[in-house]
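Worksheet: one structure, shown below.
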Amino acid sequence: MATLASDWFLRARLKLRHLQLFLALDEHRNLHRAAESLSMNQPAASKLLNDLEDQLGVVLFDRHPRGMTPNWYGEIMVRHARSIVSQLTHTGEEINAMREGNAGMVAVGAVMAPAVTILTSAVERVHRDLPGLKVRVDVDVSKRLVPRMIEGEFDFVISRIPEGFTAERFIFEEIGEEDICIVCREGHPAMGEAPVSLDTLTDYPWSLQPPGALLRQRVDNLFLHYGVQPPKYIVDSPDFLVSLALVDKSDTLTVTTRQVAEMLCAPQRFSILPFGEPIRVQPYGLVSLRDKRLSPGASALMKTLREIIREEA
């Protein structure tokens, strides 16, 4: 099989329509419905796909009696098509912001703790100099933030680099470790013990991030470390506010970072259980793509974040 040249997309006459078709096929898994969503007829969509597959020398989608699915080659095309379309959408939003006299826009993803502490402070401070800068902030876990940044949704993220990603493709500026704590309602029966022992907490319900999330892994490892059976009843929720609502209404326990707990957990309603030793998770930091140049708005927000991090250090 011949190796594709670096300018293969020019030789194959790759068009935006191809990218839109890849995304539609990935969503609908049916050529007729994909074509219909793009206001095309099925023969035209079929010819568009077949011509490109001929140019590439590979089949991108496996055909089945009831539809089609992307194979490994198709998954590559779909992933990059999504990134390119997202970047083009972002470009239009930024141009519109500049036309309206604003200072552009920036999209940032962050894990919970920096989202409610340093990031909010940075947004407030950068708006003093750039009042027209449009900022979009999404809060999520690292293993979803970084792929979304790669696909073009974010200019940069404040997170960790998840397992399975090559560190060389990122610029990582460490901010620091996070202390996590166990949160309960005020007057919880477990508050009578100081410091609290894990084996006394297993009979209470817990609300935790889903399996695989960083805080969940840390809690699971904590019980393993002390040789204690994990809690019998766990509600899986990625949303801390949902967990906090359960804590408020019952004897449910949850975990979060100490920064978030001190900011969001009113002392008259919630308490932090005293634990005998610090519980920490690996450091997070500013994460950006090494081969991507930040927009002026993103650069301004990144600079302000660095200033705040230095001040707090």
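Within each chain, counting starts at residue 1; across the structure tokens, chains are named A, B, ... in the order shown, with ligands numbered 1 upward in that order.
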
Between range 180-238 of chain A and range 273-292 of chain A, at 6 Å or less, what are the per-residue closest atom pairs and their distances in Å? Count only C-alpha atoms, order by chain and rising residue number, and return it as CSV.
residue,atom,partner,partner_atom,distance
A:Ile180,CA,A:Ile279,CA,5.6
A:Ile182,CA,A:Leu273,CA,5.6
A:Ala194,CA,A:Pro274,CA,5.9
A:Pro195,CA,A:Phe275,CA,5.0
A:Val196,CA,A:Phe275,CA,5.3

Using only C-alpha atoms, which protein or nucleic acid residues come within 10 Å of Asp199 in chain A? Drop anything in the same chain fewer than 2 positions from it, and give the result as a count of residues only. 12

Using DSSP secondary structure from the backbone, list all strand (DSSP E) positions within range 130-289 of chain A, as a ChimeraX atom specification. /A:134-139,156-159,170-185,206-208,234-236,253-257,270-272,279-289

Calculate how many Å separate CA of Glu312 in chain A from CA of Gly297 in chain A, rounding to one decimal.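 So the answer is 22.9 Å.
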
Would you list the contacts of range 16-29 of chain A as number ranges by chain, taking every protein, DNA or RNA residue within 7 Å and counting only C-alpha atoms, but skipping same-chain residues closer than 5 positions in sequence? A: 34, 67-70, 78, 81-82

Calculated over only C-alpha atoms, which of the candidates A:Val146, A:Ile272, A:Leu198, A:Ala245 has the smallest distance to Cys181 in chain A?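 Distance minimum relative to Cys181 in chain A lands on A:Ile272.
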
For Pro147 in chain A: contacts at 10 Å, only C-alpha atoms, fewer than 5 positions along chain excluded, given as a list in words: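 Residues meeting the cut-off are Ser142, Gly152, Glu153, Phe154, Ile161, Pro162 and Phe165 of chain A.
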
Residue subset to file, keeping all heavy atoms, as a PDB file, in the first residue's frame:
ATOM      1  N   SER A 142     -10.351  15.282  33.929  1.00  0.00           N
ATOM      2  CA  SER A 142      -9.199  15.391  33.031  1.00  0.00           C
ATOM      3  C   SER A 142      -9.302  14.466  31.827  1.00  0.00           C
ATOM      4  O   SER A 142      -8.938  14.837  30.710  1.00  0.00           O
ATOM      5  CB  SER A 142      -7.904  15.086  33.798  1.00  0.00           C
ATOM      6  OG  SER A 142      -7.688  16.020  34.820  1.00  0.00           O
ATOM      7  N   GLY A 152     -10.275  20.440  19.523  1.00  0.00           N
ATOM      8  CA  GLY A 152     -10.459  21.842  19.186  1.00  0.00           C
ATOM      9  C   GLY A 152     -11.511  22.576  19.984  1.00  0.00           C
ATOM     10  O   GLY A 152     -11.781  23.755  19.720  1.00  0.00           O
ATOM     11  N   GLU A 153     -12.131  21.930  20.988  1.00  0.00           N
ATOM     12  CA  GLU A 153     -13.166  22.606  21.775  1.00  0.00           C
ATOM     13  C   GLU A 153     -12.586  23.675  22.690  1.00  0.00           C
ATOM     14  O   GLU A 153     -13.261  24.665  22.988  1.00  0.00           O
ATOM     15  CB  GLU A 153     -13.939  21.586  22.613  1.00  0.00           C
ATOM     16  CG  GLU A 153     -14.944  20.767  21.846  1.00  0.00           C
ATOM     17  CD  GLU A 153     -15.848  20.001  22.795  1.00  0.00           C
ATOM     18  OE1 GLU A 153     -16.418  20.638  23.709  1.00  0.00           O
ATOM     19  OE2 GLU A 153     -15.969  18.778  22.631  1.00  0.00           O
ATOM     20  N   PHE A 154     -11.358  23.464  23.188  1.00  0.00           N
ATOM     21  CA  PHE A 154     -10.759  24.384  24.148  1.00  0.00           C
ATOM     22  C   PHE A 154      -9.443  24.937  23.606  1.00  0.00           C
ATOM     23  O   PHE A 154      -8.708  24.247  22.899  1.00  0.00           O
ATOM     24  CB  PHE A 154     -10.476  23.680  25.479  1.00  0.00           C
ATOM     25  CG  PHE A 154     -11.690  23.080  26.130  1.00  0.00           C
ATOM     26  CD1 PHE A 154     -11.718  21.739  26.454  1.00  0.00           C
ATOM     27  CD2 PHE A 154     -12.796  23.866  26.428  1.00  0.00           C
ATOM     28  CE1 PHE A 154     -12.824  21.171  27.060  1.00  0.00           C
ATOM     29  CE2 PHE A 154     -13.912  23.309  27.031  1.00  0.00           C
ATOM     30  CZ  PHE A 154     -13.930  21.964  27.349  1.00  0.00           C
ATOM     31  N   ILE A 161      -2.709  15.373  32.772  1.00  0.00           N
ATOM     32  CA  ILE A 161      -2.620  14.642  31.512  1.00  0.00           C
ATOM     33  C   ILE A 161      -2.990  13.195  31.817  1.00  0.00           C
ATOM     34  O   ILE A 161      -2.283  12.512  32.554  1.00  0.00           O
ATOM     35  CB  ILE A 161      -1.211  14.736  30.905  1.00  0.00           C
ATOM     36  CG1 ILE A 161      -0.876  16.198  30.580  1.00  0.00           C
ATOM     37  CG2 ILE A 161      -1.122  13.886  29.643  1.00  0.00           C
ATOM     38  CD1 ILE A 161       0.525  16.419  30.062  1.00  0.00           C
ATOM     39  N   PRO A 162      -4.110  12.721  31.287  1.00  0.00           N
ATOM     40  CA  PRO A 162      -4.573  11.368  31.632  1.00  0.00           C
ATOM     41  C   PRO A 162      -3.637  10.291  31.097  1.00  0.00           C
ATOM     42  O   PRO A 162      -2.829  10.523  30.187  1.00  0.00           O
ATOM     43  CB  PRO A 162      -5.948  11.285  30.952  1.00  0.00           C
ATOM     44  CG  PRO A 162      -6.313  12.686  30.579  1.00  0.00           C
ATOM     45  CD  PRO A 162      -5.014  13.409  30.362  1.00  0.00           C
ATOM     46  N   PHE A 165      -2.013   9.179  27.052  1.00  0.00           N
ATOM     47  CA  PHE A 165      -1.658  10.279  26.165  1.00  0.00           C
ATOM     48  C   PHE A 165      -0.153  10.534  26.234  1.00  0.00           C
ATOM     49  O   PHE A 165       0.441  10.501  27.313  1.00  0.00           O
ATOM     50  CB  PHE A 165      -2.410  11.558  26.554  1.00  0.00           C
ATOM     51  CG  PHE A 165      -3.882  11.522  26.237  1.00  0.00           C
ATOM     52  CD1 PHE A 165      -4.783  11.015  27.161  1.00  0.00           C
ATOM     53  CD2 PHE A 165      -4.356  11.979  25.014  1.00  0.00           C
ATOM     54  CE1 PHE A 165      -6.140  10.966  26.878  1.00  0.00           C
ATOM     55  CE2 PHE A 165      -5.704  11.932  24.719  1.00  0.00           C
ATOM     56  CZ  PHE A 165      -6.596  11.427  25.653  1.00  0.00           C
TER      57      PHE A 165
END

When you count only C-alpha atoms, which of these residues is closest to Lys232 in chain A: A:Gly164, A:Pro205, A:Pro131, A:Pro65?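 Going through A:Gly164, A:Pro205, A:Pro131, A:Pro65 one by one, the smallest distance to Lys232 in chain A is for A:Pro205.
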
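Among the candidates A:Arg125, A:Arg269, A:His64, A:Arg258, the residue lying nearest to Leu244 in chain A is A:Arg269 (atoms considered: only C-alpha atoms).
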
Skipping near chain neighbours, those fewer than 6 positions away, what residues fall within 12 Å of Leu56 in chain A using only C-alpha atoms, listed as an mmCIF file with N, CA, C and O atoms, in the first residue's frame?
data_model
loop_
_atom_site.group_PDB
_atom_site.id
_atom_site.type_symbol
_atom_site.label_atom_id
_atom_site.label_comp_id
_atom_site.auth_asym_id
_atom_site.auth_seq_id
_atom_site.Cartn_x
_atom_site.Cartn_y
_atom_site.Cartn_z
ATOM 1 N N MET A 1 0.845 -1.188 0.000
ATOM 2 C CA MET A 1 0.000 0.000 0.000
ATOM 3 C C MET A 1 0.884 1.243 0.000
ATOM 4 O O MET A 1 1.803 1.366 0.822
ATOM 5 N N ALA A 2 0.643 2.169 -0.926
ATOM 6 C CA ALA A 2 1.460 3.365 -1.052
ATOM 7 C C ALA A 2 1.273 4.287 0.155
ATOM 8 O O ALA A 2 0.165 4.427 0.675
ATOM 9 N N THR A 3 2.377 4.910 0.573
ATOM 10 C CA THR A 3 2.314 5.870 1.675
ATOM 11 C C THR A 3 1.712 7.184 1.187
ATOM 12 O O THR A 3 2.044 7.665 0.104
ATOM 13 N N LEU A 4 0.828 7.766 2.000
ATOM 14 C CA LEU A 4 0.219 9.040 1.621
ATOM 15 C C LEU A 4 1.249 10.153 1.708
ATOM 16 O O LEU A 4 2.021 10.240 2.667
ATOM 17 N N ALA A 5 1.255 11.020 0.705
ATOM 18 C CA ALA A 5 2.150 12.177 0.713
ATOM 19 C C ALA A 5 1.667 13.202 1.734
ATOM 20 O O ALA A 5 0.510 13.177 2.171
ATOM 21 N N ASP A 7 0.941 16.183 1.316
ATOM 22 C CA ASP A 7 -0.135 17.021 0.765
ATOM 23 C C ASP A 7 -1.252 16.168 0.158
ATOM 24 O O ASP A 7 -1.900 16.570 -0.804
ATOM 25 N N TRP A 8 -1.495 15.000 0.762
ATOM 26 C CA TRP A 8 -2.484 14.069 0.221
ATOM 27 C C TRP A 8 -3.858 14.707 0.076
ATOM 28 O O TRP A 8 -4.602 14.394 -0.853
ATOM 29 N N PHE A 9 -4.195 15.610 1.015
ATOM 30 C CA PHE A 9 -5.533 16.208 1.007
ATOM 31 C C PHE A 9 -5.728 17.114 -0.201
ATOM 32 O O PHE A 9 -6.853 17.302 -0.672
ATOM 33 N N LEU A 10 -4.613 17.682 -0.726
ATOM 34 C CA LEU A 10 -4.715 18.481 -1.947
ATOM 35 C C LEU A 10 -4.911 17.567 -3.150
ATOM 36 O O LEU A 10 -5.743 17.833 -4.023
ATOM 37 N N ARG A 11 -4.140 16.507 -3.193
ATOM 38 C CA ARG A 11 -4.239 15.577 -4.317
ATOM 39 C C ARG A 11 -5.600 14.872 -4.344
ATOM 40 O O ARG A 11 -6.135 14.577 -5.413
ATOM 41 N N ALA A 12 -6.155 14.604 -3.138
ATOM 42 C CA ALA A 12 -7.450 13.938 -3.066
ATOM 43 C C ALA A 12 -8.606 14.925 -3.182
ATOM 44 O O ALA A 12 -9.763 14.515 -3.172
ATOM 45 N N ARG A 13 -8.267 16.212 -3.291
ATOM 46 C CA ARG A 13 -9.272 17.272 -3.394
ATOM 47 C C ARG A 13 -10.275 17.203 -2.246
ATOM 48 O O ARG A 13 -11.488 17.248 -2.434
ATOM 49 N N LEU A 14 -9.713 17.090 -1.050
ATOM 50 C CA LEU A 14 -10.548 17.025 0.140
ATOM 51 C C LEU A 14 -11.320 18.329 0.306
ATOM 52 O O LEU A 14 -10.759 19.418 0.237
ATOM 53 N N LEU A 49 -18.109 9.890 -1.045
ATOM 54 C CA LEU A 49 -17.347 9.001 -0.177
ATOM 55 C C LEU A 49 -16.505 8.023 -0.986
ATOM 56 O O LEU A 49 -15.317 7.825 -0.698
ATOM 57 N N ASN A 50 -17.084 7.424 -2.014
ATOM 58 C CA ASN A 50 -16.355 6.432 -2.813
ATOM 59 C C ASN A 50 -15.159 7.048 -3.526
ATOM 60 O O ASN A 50 -14.083 6.438 -3.601
ATOM 61 N N TYR A 73 -9.610 3.188 9.886
ATOM 62 C CA TYR A 73 -9.272 4.329 9.029
ATOM 63 C C TYR A 73 -10.354 5.407 9.146
ATOM 64 O O TYR A 73 -10.061 6.612 9.209
ATOM 65 N N GLY A 74 -11.598 4.970 9.167
ATOM 66 C CA GLY A 74 -12.698 5.921 9.269
ATOM 67 C C GLY A 74 -12.693 6.660 10.598
ATOM 68 O O GLY A 74 -13.000 7.862 10.652
ATOM 69 N N MET A 77 -10.360 9.529 10.349
ATOM 70 C CA MET A 77 -10.922 10.628 9.568
ATOM 71 C C MET A 77 -11.995 11.374 10.353
ATOM 72 O O MET A 77 -12.055 12.606 10.336
#

Just the number, please: distance in Å from CA of Gln268 in chain A to CA of Val247 in chain A, one decimal.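 Value for the CA of Gln268 in chain A-CA of Val247 in chain A distance: 13.4 Å.
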
Excluding same-chain residues fewer than 3 positions from Arg128 in chain A, what lies within 12 Å of it counting only C-alpha atoms, as number ranges by chain? A: 103, 121-125, 131-133, 300-301, 304
